[in-house]
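Asks: The file below is structure_6.cif, mmCIF, C-alpha atoms and all ligand atoms:
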```cif
data_work
#
loop_
_atom_site.label_atom_id
_atom_site.label_comp_id
_atom_site.auth_asym_id
_atom_site.auth_seq_id
_atom_site.Cartn_x
_atom_site.Cartn_y
_atom_site.Cartn_z
CA MET A 186 0.00 0.00 0.00
CA ALA A 187 1.41 3.32 -1.00
CA THR A 188 2.13 5.87 1.62
CA ASP A 189 1.28 9.52 1.13
CA GLU A 190 4.92 10.21 0.51
CA GLN A 191 5.19 7.65 -2.26
CA GLU A 192 2.06 8.97 -3.90
CA PHE A 193 3.52 12.41 -3.84
CA HIS A 194 6.56 11.22 -5.75
CA HIS A 195 4.36 9.55 -8.37
CA VAL A 196 2.94 12.90 -9.37
CA PRO A 197 4.73 13.99 -12.53
CA PRO A 198 6.33 17.44 -12.47
CA LEU A 199 4.42 20.33 -14.00
CA GLN A 200 5.31 20.48 -17.64
CA MET A 201 5.05 24.21 -17.84
CA GLU A 202 6.08 26.70 -15.28
CA LEU A 203 3.12 28.41 -13.63
CA ASP A 204 3.97 31.93 -14.70
CA GLU A 205 1.37 34.68 -14.86
CA PRO A 206 0.72 34.67 -18.64
CA SER A 207 0.21 30.92 -18.59
CA ILE A 208 -2.21 31.12 -15.62
CA MET A 209 -4.14 33.98 -17.25
CA SER A 210 -4.37 32.05 -20.48
CA SER A 211 -5.68 28.99 -18.60
CA LEU A 212 -8.27 31.13 -16.80
CA ALA A 213 -9.37 32.59 -20.13
CA ARG A 214 -9.91 29.08 -21.47
CA LEU A 215 -11.94 28.12 -18.38
CA GLN A 216 -14.09 31.17 -18.83
CA GLU A 217 -14.65 30.31 -22.46
CA MET A 218 -15.84 26.85 -21.37
CA HIS A 219 -18.03 28.35 -18.66
CA ILE A 220 -19.77 30.60 -21.19
CA SER A 221 -20.13 27.77 -23.66
CA LEU A 222 -21.64 25.52 -20.97
CA ARG A 223 -24.09 28.23 -19.92
CA ASN A 224 -25.20 28.52 -23.54
CA LEU A 225 -26.11 24.82 -23.52
CA ARG A 226 -28.56 25.36 -20.65
CA GLU A 227 -30.71 27.43 -22.97
CA THR A 228 -30.54 24.98 -25.85
CA ILE A 229 -33.68 22.92 -25.24
CA PRO A 230 -35.88 25.88 -24.11
CA LYS A 231 -34.89 27.69 -27.31
CA VAL A 232 -35.84 24.75 -29.53
CA MET A 233 -39.16 24.43 -27.64
CA ASP A 234 -39.83 28.16 -28.01
CA SER A 235 -39.41 27.90 -31.74
CA VAL A 236 -42.43 25.60 -32.04
CA LEU A 237 -44.55 27.18 -29.30
CA VAL A 238 -44.77 30.57 -30.99
CA ASP A 239 -47.82 30.80 -33.28
CA PRO A 240 -46.39 30.63 -36.79
CA ALA A 241 -47.90 32.56 -39.71
CA SER A 242 -47.48 29.52 -41.96
CA PRO A 243 -46.16 25.95 -41.90
CA ASP A 244 -43.11 27.25 -43.80
CA GLN A 245 -42.41 29.74 -41.05
CA LEU A 246 -42.78 27.05 -38.38
CA HIS A 247 -40.32 24.90 -40.30
CA SER A 248 -37.91 27.79 -40.69
CA HIS A 249 -38.07 28.75 -36.98
CA PHE A 250 -37.57 25.15 -35.90
CA SER A 251 -34.69 24.56 -38.33
CA GLN A 252 -32.91 27.69 -37.16
CA ALA A 253 -33.32 26.73 -33.50
CA ALA A 254 -32.20 23.14 -34.16
CA ASN A 255 -29.16 24.32 -36.14
CA GLY A 256 -28.29 26.76 -33.36
CA ALA A 257 -28.58 23.95 -30.79
CA ALA A 258 -26.37 21.67 -32.87
CA GLN A 259 -23.81 24.46 -33.22
CA ALA A 260 -23.81 25.16 -29.45
CA ILE A 261 -23.24 21.48 -28.68
CA LYS A 262 -20.52 21.28 -31.32
CA ASN A 263 -18.76 24.36 -29.93
CA PHE A 264 -18.77 22.95 -26.42
CA THR A 265 -17.55 19.52 -27.58
CA LEU A 266 -14.74 21.12 -29.59
CA LEU A 267 -13.70 23.14 -26.54
CA VAL A 268 -13.78 20.13 -24.21
CA GLU A 269 -11.83 17.93 -26.60
CA ASP A 270 -9.31 20.60 -27.51
CA SER A 271 -5.71 19.77 -26.54
CA ARG A 272 -5.32 23.17 -24.87
CA THR A 273 -8.28 22.40 -22.56
CA LYS A 274 -6.78 19.04 -21.69
CA GLU A 275 -3.51 20.78 -20.87
CA VAL A 276 -5.30 23.26 -18.57
CA MET A 277 -7.29 20.53 -16.79
CA ASP A 278 -4.23 18.29 -16.41
CA LYS A 279 -2.28 21.16 -14.96
CA ALA A 280 -5.06 21.85 -12.43
CA LYS A 281 -5.24 18.16 -11.47
CA GLU A 282 -1.50 17.96 -11.02
CA SER A 283 -1.47 21.10 -8.94
CA ARG A 284 -4.27 19.78 -6.75
CA ALA A 285 -2.51 16.44 -6.29
CA ARG A 286 0.59 18.29 -5.13
CA ALA A 287 -1.09 20.71 -2.74
CA GLY A 288 -4.79 19.99 -2.50
CA GLU A 289 -5.30 21.15 1.06
CA GLY A 290 -7.90 23.86 1.40
CA ILE A 291 -9.12 23.54 -2.20
CA THR A 292 -12.91 23.43 -2.12
CA GLY A 293 -15.66 24.07 -4.61
CA TRP A 294 -16.74 27.63 -5.26
CA LYS A 295 -19.53 29.30 -7.14
CA VAL A 296 -18.67 31.60 -9.97
CA THR A 297 -21.42 33.93 -8.73
CA GLU A 298 -19.43 34.48 -5.54
CA HIS A 299 -16.51 35.81 -7.53
CA GLU A 300 -17.90 37.57 -10.55
CA ASP A 301 -14.60 39.27 -11.19
CA TRP A 302 -12.68 35.98 -11.24
CA LEU A 303 -11.26 36.91 -14.58
CA ASN A 304 -10.48 40.54 -15.07
CA PHE A 305 -11.88 41.11 -18.52
CA LYS A 306 -10.69 44.65 -19.05
CA GLN A 307 -9.31 45.22 -22.49
CA GLU A 308 -5.57 44.89 -22.71
CA ASP A 309 -5.00 46.63 -26.01
CA GLY A 310 -3.14 49.43 -24.34
CA ASN A 311 -0.30 47.25 -23.10
CA ASP A 312 3.20 47.29 -24.48
CA ASP A 313 3.23 43.79 -25.82
CA VAL A 314 2.69 44.07 -29.50
CA ASP A 315 1.58 41.09 -31.49
CA LYS A 316 3.88 40.99 -34.51
CA ASP A 317 1.11 39.50 -36.69
CA GLU A 318 -1.08 42.42 -35.93
CA GLU A 319 1.38 45.26 -35.87
CA GLY A 320 0.55 46.06 -39.49
CA THR A 321 2.26 48.75 -41.43
CA ALA A 322 0.27 51.48 -43.07
CA GLU A 323 0.65 51.16 -46.81
CA ALA A 324 1.00 54.45 -48.56
CA GLY A 325 -0.92 55.19 -51.75
CA ASP A 326 -3.39 52.58 -52.94
CA GLY A 327 -4.40 51.00 -49.66
CA PRO A 328 -4.09 47.28 -48.88
CA SER A 329 -3.20 45.07 -51.85
CA ALA A 330 -5.63 42.37 -52.98
CA GLU A 331 -2.97 39.81 -52.12
CA ASN A 332 -2.64 41.02 -48.52
CA VAL A 333 -6.40 41.18 -48.12
CA ASN A 334 -6.85 37.66 -49.51
CA THR A 335 -4.20 36.31 -47.13
CA THR A 336 -6.04 37.92 -44.21
CA LEU A 337 -9.36 36.48 -45.44
CA ASP A 338 -7.83 33.00 -45.75
CA LYS A 339 -6.65 33.18 -42.14
CA LEU A 340 -10.15 34.14 -41.02
CA ARG A 341 -11.75 31.29 -43.02
CA SER A 342 -9.45 28.70 -41.51
CA ALA A 343 -9.99 30.03 -37.99
CA HIS A 344 -13.80 30.25 -38.24
CA VAL A 345 -15.67 27.46 -39.97
CA GLY A 346 -19.03 28.62 -41.34
CA ILE A 347 -18.14 32.27 -41.86
CA GLU A 348 -18.31 33.32 -45.50
CA VAL A 349 -16.03 36.12 -46.55
CA SER A 350 -15.06 37.35 -50.01
CA LEU A 351 -13.28 40.22 -51.73
CA ASP A 352 -14.67 42.05 -54.74
CA GLU A 353 -11.56 43.59 -56.27
CA ASP A 354 -13.43 45.96 -58.60
CA SER A 355 -15.41 47.69 -55.89
CA ARG A 356 -12.69 47.02 -53.27
CA THR A 357 -15.31 45.62 -50.94
CA VAL A 358 -15.10 42.69 -48.56
CA THR A 359 -18.41 40.96 -47.81
CA LEU A 360 -18.72 38.95 -44.61
CA HIS A 361 -21.64 36.67 -43.76
CA LEU A 362 -22.24 35.13 -40.34
CA PRO A 363 -24.42 32.00 -40.60
CA PRO A 364 -27.71 31.49 -38.66
CA PRO A 365 -28.65 31.88 -35.91
CA ALA A 366 -26.59 35.11 -36.02
CA GLN A 367 -27.53 35.65 -39.68
CA MET A 368 -25.62 38.90 -40.09
CA ASN A 369 -24.10 40.54 -43.15
CA PHE A 370 -21.44 43.22 -43.42
CA GLN A 371 -19.69 45.06 -46.21
CA ILE A 372 -16.24 46.52 -45.60
CA GLN A 373 -15.01 49.26 -47.90
CA LEU A 374 -11.22 49.18 -48.35
CA ASP A 375 -9.88 52.69 -48.56
CA THR A 376 -6.95 54.93 -47.69
CA THR A 377 -6.99 57.96 -45.42
CA SER A 378 -5.43 61.25 -46.52
CA GLY A 379 -2.61 60.41 -44.11
CA GLY A 380 -1.84 57.26 -46.10
CA HIS A 381 -3.25 54.75 -43.61
CA ASN A 382 -5.50 51.90 -44.61
CA SER A 383 -9.06 52.59 -43.65
CA TYR A 384 -11.97 50.20 -43.39
CA SER A 385 -15.50 51.47 -43.12
CA VAL A 386 -18.21 48.95 -42.37
CA ASP A 387 -21.85 48.97 -43.33
CA SER A 388 -24.66 46.47 -43.74
CA LYS A 389 -27.56 46.15 -46.13
CA ASP A 390 -29.54 44.82 -43.19
CA LYS A 391 -30.88 47.81 -41.27
CA SER A 392 -32.22 45.86 -38.27
CA LYS A 393 -31.77 47.23 -34.74
CA LEU A 394 -29.21 44.54 -33.99
CA HIS A 395 -27.14 45.36 -37.06
CA ARG A 396 -27.23 49.06 -36.23
CA ALA A 397 -26.13 48.42 -32.63
CA VAL A 398 -23.28 46.18 -33.78
CA LEU A 399 -22.18 48.71 -36.43
CA GLU A 400 -22.01 51.37 -33.74
CA GLU A 401 -19.64 49.17 -31.70
CA ILE A 402 -17.59 48.35 -34.79
CA GLY A 403 -17.32 52.05 -35.64
CA ALA A 404 -15.88 52.75 -32.18
CA ARG A 405 -13.26 49.96 -32.32
CA PRO A 406 -9.83 50.91 -30.98
CA ARG A 407 -7.85 49.82 -34.06
CA PRO A 408 -9.60 51.34 -37.06
CA ASN A 409 -6.68 50.73 -39.45
CA HIS A 410 -6.27 46.98 -38.97
CA LEU A 411 -8.20 44.63 -41.20
CA ALA A 412 -7.42 41.45 -39.23
CA TYR A 413 -8.63 43.09 -36.01
CA LEU A 414 -11.84 44.22 -37.70
CA LEU A 415 -12.56 40.80 -39.21
CA GLU A 416 -11.94 39.03 -35.92
CA MET A 417 -14.24 41.46 -34.15
CA LEU A 418 -17.00 40.93 -36.74
CA ALA A 419 -16.50 37.16 -36.50
CA SER A 420 -16.99 37.36 -32.74
CA TYR A 421 -20.66 38.20 -33.35
CA ILE A 422 -21.30 34.66 -34.66
CA ASP A 423 -22.84 33.71 -31.30
CA ILE A 424 -24.44 37.09 -30.56
CA LYS A 425 -27.82 35.39 -30.03
CA SER A 426 -26.54 32.82 -27.55
CA ARG A 427 -23.51 34.23 -25.72
CA PRO A 428 -24.46 35.84 -22.39
CA CYS A 429 -22.90 39.01 -21.04
CA VAL A 430 -19.71 38.29 -19.13
CA LYS A 431 -20.67 40.80 -16.43
CA CYS A 432 -24.32 39.98 -15.62
CA SER A 433 -24.38 36.45 -17.12
CA ARG A 434 -27.65 37.20 -18.92
CA LEU A 435 -28.30 37.00 -22.63
CA LEU A 436 -30.79 39.87 -22.82
CA ASP A 437 -30.64 43.06 -20.80
CA ARG A 438 -33.75 44.73 -19.33
CA ASN A 439 -34.47 46.31 -22.73
CA ALA A 440 -34.25 42.90 -24.40
CA ARG A 441 -30.99 43.78 -26.12
CA PHE A 442 -28.19 41.32 -26.84
CA PRO A 443 -24.68 41.98 -25.46
CA VAL A 444 -23.27 43.89 -28.47
CA VAL A 445 -20.14 45.28 -26.83
CA ARG A 446 -16.98 43.30 -27.53
CA SER A 447 -13.93 43.54 -25.31
CA ARG A 448 -10.80 41.82 -26.48
CA LYS A 449 -8.83 39.89 -23.92
CA ARG A 450 -5.36 38.98 -25.12
CA THR A 451 -3.07 36.61 -23.34
CA LYS A 452 0.53 35.98 -24.21
CA GLN A 453 1.25 32.29 -24.60
CA PRO A 454 4.40 30.70 -23.18
CA ASP A 455 5.74 30.53 -26.76
CA GLY A 456 5.31 34.29 -27.16
CA ARG A 457 2.23 34.16 -29.41
CA PHE A 458 -0.97 35.95 -28.41
CA GLU A 459 -4.34 34.32 -27.96
CA SER A 460 -7.35 36.58 -28.39
CA GLN A 461 -10.69 36.11 -26.78
CA TRP A 462 -13.66 38.41 -27.37
CA LEU A 463 -15.86 38.93 -24.36
CA ALA A 464 -19.48 39.97 -24.77
CA LEU A 465 -21.04 42.73 -22.68
CA HIS A 466 -24.26 44.70 -22.63
CA THR A 467 -23.79 48.41 -23.19
CA ALA A 468 -25.14 49.01 -19.69
CA CYS A 469 -22.67 46.51 -18.19
CA THR A 470 -19.49 48.18 -19.44
ZN ZN B 501 -24.85 42.44 -18.90
#
```
For this file, write the structure as structure tokens.
Ligand SMILES: [Zn+2]
Replies:
Amino acid sequence: MATDEQEFHHVPPLQMELDEPSIMSSLARLQEMHISLRNLRETIPKVMDSVLVDPASPDQLHSHFSQAANGAAQAIKNFTLLVEDSRTKEVMDKAKESRARAGEGITGWKVTEHEDWLNFKQEDGNDDVDKDEEGTAEAGDGPSAENVNTTLDKLRSAHVGIEVSLDEDSRTVTLHLPPPAQMNFQIQLDTTSGGHNSYSVDSKDKSKLHRAVLEEIGARPRPNHLAYLLEMLASYIDIKSRPCVKCSRLLDRNARFPVVRSRKRTKQPDGRFESQWLALHTACT
């Protein structure tokens, strides 16, 4: 029978040093899982709602139900991907190892008791500059089609389901977020008089939600970076299911979705940055 001491020695050493960036990055992943799990709680009620509302026609009933079922499938898929992801396994293994080493005093806690467990303030003002995102302002004709297409390819590979294309003649990028978000944006590629790339965003859809999102997009802190803009737009893919990180609700008291996006960036042990977009209601900022 193994003594406590022997068991202690069986615990493998931590593979990565527990430095602050690595802990923050692990916390960010846990929060992502927490949000994703919360979304699942609303999955069945949402599918039920879609058939309980009086439809105008059988077609509309079918359309409502299909959208809700697709949204549910997507939410389950997102959570499964997160759980099975190697980074999640790494985080959980690290926590288990740490607990095995010094588990005394570790008890369960409710996230509601520590709502500020992850400081979600934007970190764009810090000195660490992501080389990928530094971006140089191109003088003259604005971003080249080649550069834009490379950026679009990166977005496509990072976000399955998002359709994005460049029309070289009109110098317009069109981005489509699939249902249940069902949002469309057009980005006009241009150059400011100072020679910086400029990207103005509009939508043919004039719904309240689109207008609220466009307002947030217009106030983004990095107006001259296409990759930043595309990532921000892509973060609205779960606008209709991702609750506010502050109040944990999907809709605020005026029945508005959390349209504010705050980017949390964490430096990985290998020096790369991992971005996470947190959703907030305007009133919760
Ligand atoms: Zn809120």
Asks: What is the distance between atom CA of Asp423 of chain A and atom CA of Pro365 of chain A, in Å to one decimal?
Replies: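 Computing it gives 7.6 Å between the two atoms.
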Asks: One decimal, Å: what's the distance from atom CA of Pro206 of chain A over to atom CA of Ile291 of chain A, could you say?
Replies: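 Between these atoms lies a distance of 22.2 Å.
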Asks: May I have the residues within 7 Å of Phe442 of chain A as a PDB file with C-alpha atoms, in the frame of the given file, using only C-alpha atoms and disregarding those fewer than 5 positions away in the same chain?
Replies:
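Below is the file that was written, result-v5.pdb:
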```pdb
ATOM      1  CA  ILE A 424     -24.440  37.090 -30.560  1.00  0.00           C
ATOM      2  CA  LYS A 425     -27.820  35.390 -30.030  1.00  0.00           C
ATOM      3  CA  LEU A 435     -28.300  37.000 -22.630  1.00  0.00           C
ATOM      4  CA  LEU A 436     -30.790  39.870 -22.820  1.00  0.00           C
ATOM      5  CA  ASP A 437     -30.640  43.060 -20.800  1.00  0.00           C
ATOM      6  CA  HIS A 466     -24.260  44.700 -22.630  1.00  0.00           C
TER       7      HIS A 466
END
```
Asks: (-35.6, 31.2, -38.9) in this file's frame - what residues fall within 12 Å of it? Use all atoms listed in the file and give the answer as a PyMOL selection string.
Replies: chain A and resi 232+235-236+240+244-256+363-367
Asks: Mind working out the centre and edge lengths of an axis-aligned box for segment 257-268 of chain A, all listed atoms inside, 8 Å added to each side, rounded to one decimal in Å and written as AutoDock Vina command-line options?
Replies:
```
--center_x -21.1 --center_y 22.3 --center_z -28.7 --size_x 30.9 --size_y 21.6 --size_z 25.0
```
Asks: Have a look at atom CA of Gln461 of chain A and atom CA of Asn409 of chain A and let me know their distance in Å, one decimal.
Replies: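 Between atom CA of Gln461 of chain A and atom CA of Asn409 of chain A the gap is 19.8 Å.
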Asks: With distances taken over all atoms listed in the file, which residue among A:Arg441, A:Arg446, A:Lys452, A:Lys391 lies nearest Ala419 of chain A?
Replies: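 Once distances to Ala419 of chain A are computed over all atoms listed in the file, the minimum belongs to A:Arg446.
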Asks: Starting from the incomplete input, reconstruct all heavy atoms of segment 365-376 of chain A and write that as a PDB file, in the frame of the given file.
Replies:
```pdb
ATOM      1  N   PRO A 365     -27.563  30.952 -36.254  1.00  0.00           N
ATOM      2  CA  PRO A 365     -28.650  31.880 -35.910  1.00  0.00           C
ATOM      3  C   PRO A 365     -28.250  33.362 -35.902  1.00  0.00           C
ATOM      4  O   PRO A 365     -29.126  34.208 -35.820  1.00  0.00           O
ATOM      5  CB  PRO A 365     -29.032  31.426 -34.489  1.00  0.00           C
ATOM      6  CG  PRO A 365     -27.792  30.803 -33.943  1.00  0.00           C
ATOM      7  CD  PRO A 365     -27.068  30.196 -35.096  1.00  0.00           C
ATOM      8  N   ALA A 366     -26.952  33.679 -36.019  1.00  0.00           N
ATOM      9  CA  ALA A 366     -26.590  35.110 -36.020  1.00  0.00           C
ATOM     10  C   ALA A 366     -27.189  35.774 -37.256  1.00  0.00           C
ATOM     11  O   ALA A 366     -27.841  36.822 -37.161  1.00  0.00           O
ATOM     12  CB  ALA A 366     -25.069  35.262 -36.014  1.00  0.00           C
ATOM     13  N   GLN A 367     -26.981  35.157 -38.403  1.00  0.00           N
ATOM     14  CA  GLN A 367     -27.530  35.650 -39.680  1.00  0.00           C
ATOM     15  C   GLN A 367     -27.266  37.149 -39.846  1.00  0.00           C
ATOM     16  O   GLN A 367     -28.181  37.962 -39.864  1.00  0.00           O
ATOM     17  CB  GLN A 367     -29.053  35.371 -39.691  1.00  0.00           C
ATOM     18  CG  GLN A 367     -29.749  35.647 -40.997  1.00  0.00           C
ATOM     19  CD  GLN A 367     -29.424  34.596 -42.052  1.00  0.00           C
ATOM     20  OE1 GLN A 367     -28.338  34.594 -42.603  1.00  0.00           O
ATOM     21  NE2 GLN A 367     -30.353  33.713 -42.315  1.00  0.00           N
ATOM     22  N   MET A 368     -25.974  37.486 -39.933  1.00  0.00           N
ATOM     23  CA  MET A 368     -25.620  38.900 -40.090  1.00  0.00           C
ATOM     24  C   MET A 368     -24.748  39.065 -41.321  1.00  0.00           C
ATOM     25  O   MET A 368     -24.000  38.166 -41.704  1.00  0.00           O
ATOM     26  CB  MET A 368     -24.867  39.408 -38.859  1.00  0.00           C
ATOM     27  CG  MET A 368     -25.677  39.305 -37.577  1.00  0.00           C
ATOM     28  SD  MET A 368     -24.895  40.186 -36.210  1.00  0.00           S
ATOM     29  CE  MET A 368     -25.578  41.802 -36.450  1.00  0.00           C
ATOM     30  N   ASN A 369     -24.858  40.243 -41.943  1.00  0.00           N
ATOM     31  CA  ASN A 369     -24.100  40.540 -43.150  1.00  0.00           C
ATOM     32  C   ASN A 369     -23.421  41.890 -43.021  1.00  0.00           C
ATOM     33  O   ASN A 369     -24.033  42.842 -42.548  1.00  0.00           O
ATOM     34  CB  ASN A 369     -25.030  40.593 -44.357  1.00  0.00           C
ATOM     35  CG  ASN A 369     -25.583  39.225 -44.660  1.00  0.00           C
ATOM     36  OD1 ASN A 369     -24.893  38.390 -45.205  1.00  0.00           O
ATOM     37  ND2 ASN A 369     -26.828  38.992 -44.255  1.00  0.00           N
ATOM     38  N   PHE A 370     -22.164  41.946 -43.469  1.00  0.00           N
ATOM     39  CA  PHE A 370     -21.440  43.220 -43.420  1.00  0.00           C
ATOM     40  C   PHE A 370     -20.668  43.436 -44.713  1.00  0.00           C
ATOM     41  O   PHE A 370     -20.202  42.480 -45.334  1.00  0.00           O
ATOM     42  CB  PHE A 370     -20.435  43.214 -42.257  1.00  0.00           C
ATOM     43  CG  PHE A 370     -21.078  43.022 -40.909  1.00  0.00           C
ATOM     44  CD1 PHE A 370     -21.071  41.779 -40.287  1.00  0.00           C
ATOM     45  CD2 PHE A 370     -21.703  44.085 -40.268  1.00  0.00           C
ATOM     46  CE1 PHE A 370     -21.677  41.595 -39.052  1.00  0.00           C
ATOM     47  CE2 PHE A 370     -22.306  43.911 -39.028  1.00  0.00           C
ATOM     48  CZ  PHE A 370     -22.289  42.666 -38.420  1.00  0.00           C
ATOM     49  N   GLN A 371     -20.552  44.703 -45.091  1.00  0.00           N
ATOM     50  CA  GLN A 371     -19.690  45.060 -46.210  1.00  0.00           C
ATOM     51  C   GLN A 371     -18.603  46.001 -45.678  1.00  0.00           C
ATOM     52  O   GLN A 371     -18.896  46.956 -44.965  1.00  0.00           O
ATOM     53  CB  GLN A 371     -20.460  45.808 -47.309  1.00  0.00           C
ATOM     54  CG  GLN A 371     -21.415  44.924 -48.108  1.00  0.00           C
ATOM     55  CD  GLN A 371     -22.713  44.701 -47.348  1.00  0.00           C
ATOM     56  OE1 GLN A 371     -23.272  45.643 -46.792  1.00  0.00           O
ATOM     57  NE2 GLN A 371     -23.179  43.461 -47.313  1.00  0.00           N
ATOM     58  N   ILE A 372     -17.372  45.688 -46.042  1.00  0.00           N
ATOM     59  CA  ILE A 372     -16.240  46.520 -45.600  1.00  0.00           C
ATOM     60  C   ILE A 372     -15.645  47.195 -46.829  1.00  0.00           C
ATOM     61  O   ILE A 372     -15.269  46.523 -47.801  1.00  0.00           O
ATOM     62  CB  ILE A 372     -15.149  45.639 -44.944  1.00  0.00           C
ATOM     63  CG1 ILE A 372     -15.742  44.829 -43.793  1.00  0.00           C
ATOM     64  CG2 ILE A 372     -13.981  46.494 -44.466  1.00  0.00           C
ATOM     65  CD1 ILE A 372     -14.882  43.671 -43.354  1.00  0.00           C
ATOM     66  N   GLN A 373     -15.595  48.498 -46.800  1.00  0.00           N
ATOM     67  CA  GLN A 373     -15.010  49.260 -47.900  1.00  0.00           C
ATOM     68  C   GLN A 373     -13.523  49.485 -47.620  1.00  0.00           C
ATOM     69  O   GLN A 373     -13.171  50.067 -46.601  1.00  0.00           O
ATOM     70  CB  GLN A 373     -15.754  50.604 -48.040  1.00  0.00           C
ATOM     71  CG  GLN A 373     -15.353  51.414 -49.255  1.00  0.00           C
ATOM     72  CD  GLN A 373     -15.729  50.716 -50.566  1.00  0.00           C
ATOM     73  OE1 GLN A 373     -16.874  50.299 -50.734  1.00  0.00           O
ATOM     74  NE2 GLN A 373     -14.766  50.564 -51.457  1.00  0.00           N
ATOM     75  N   LEU A 374     -12.671  49.002 -48.535  1.00  0.00           N
ATOM     76  CA  LEU A 374     -11.220  49.180 -48.350  1.00  0.00           C
ATOM     77  C   LEU A 374     -10.836  50.529 -48.919  1.00  0.00           C
ATOM     78  O   LEU A 374     -11.126  50.824 -50.075  1.00  0.00           O
ATOM     79  CB  LEU A 374     -10.450  48.075 -49.084  1.00  0.00           C
ATOM     80  CG  LEU A 374     -10.898  46.638 -48.845  1.00  0.00           C
ATOM     81  CD1 LEU A 374     -10.040  45.691 -49.668  1.00  0.00           C
ATOM     82  CD2 LEU A 374     -10.803  46.272 -47.371  1.00  0.00           C
ATOM     83  N   ASP A 375     -10.181  51.327 -48.123  1.00  0.00           N
ATOM     84  CA  ASP A 375      -9.880  52.690 -48.560  1.00  0.00           C
ATOM     85  C   ASP A 375      -8.552  53.144 -47.948  1.00  0.00           C
ATOM     86  O   ASP A 375      -7.914  52.410 -47.204  1.00  0.00           O
ATOM     87  CB  ASP A 375     -11.015  53.615 -48.107  1.00  0.00           C
ATOM     88  CG  ASP A 375     -11.307  54.675 -49.155  1.00  0.00           C
ATOM     89  OD1 ASP A 375     -10.382  55.003 -49.917  1.00  0.00           O
ATOM     90  OD2 ASP A 375     -12.450  55.161 -49.188  1.00  0.00           O
ATOM     91  N   THR A 376      -8.178  54.368 -48.264  1.00  0.00           N
ATOM     92  CA  THR A 376      -6.950  54.930 -47.690  1.00  0.00           C
ATOM     93  C   THR A 376      -7.262  56.317 -47.154  1.00  0.00           C
ATOM     94  O   THR A 376      -7.970  57.087 -47.809  1.00  0.00           O
ATOM     95  CB  THR A 376      -5.855  55.074 -48.770  1.00  0.00           C
ATOM     96  OG1 THR A 376      -5.852  53.903 -49.568  1.00  0.00           O
ATOM     97  CG2 THR A 376      -4.495  55.268 -48.143  1.00  0.00           C
TER      98      THR A 376
END
```
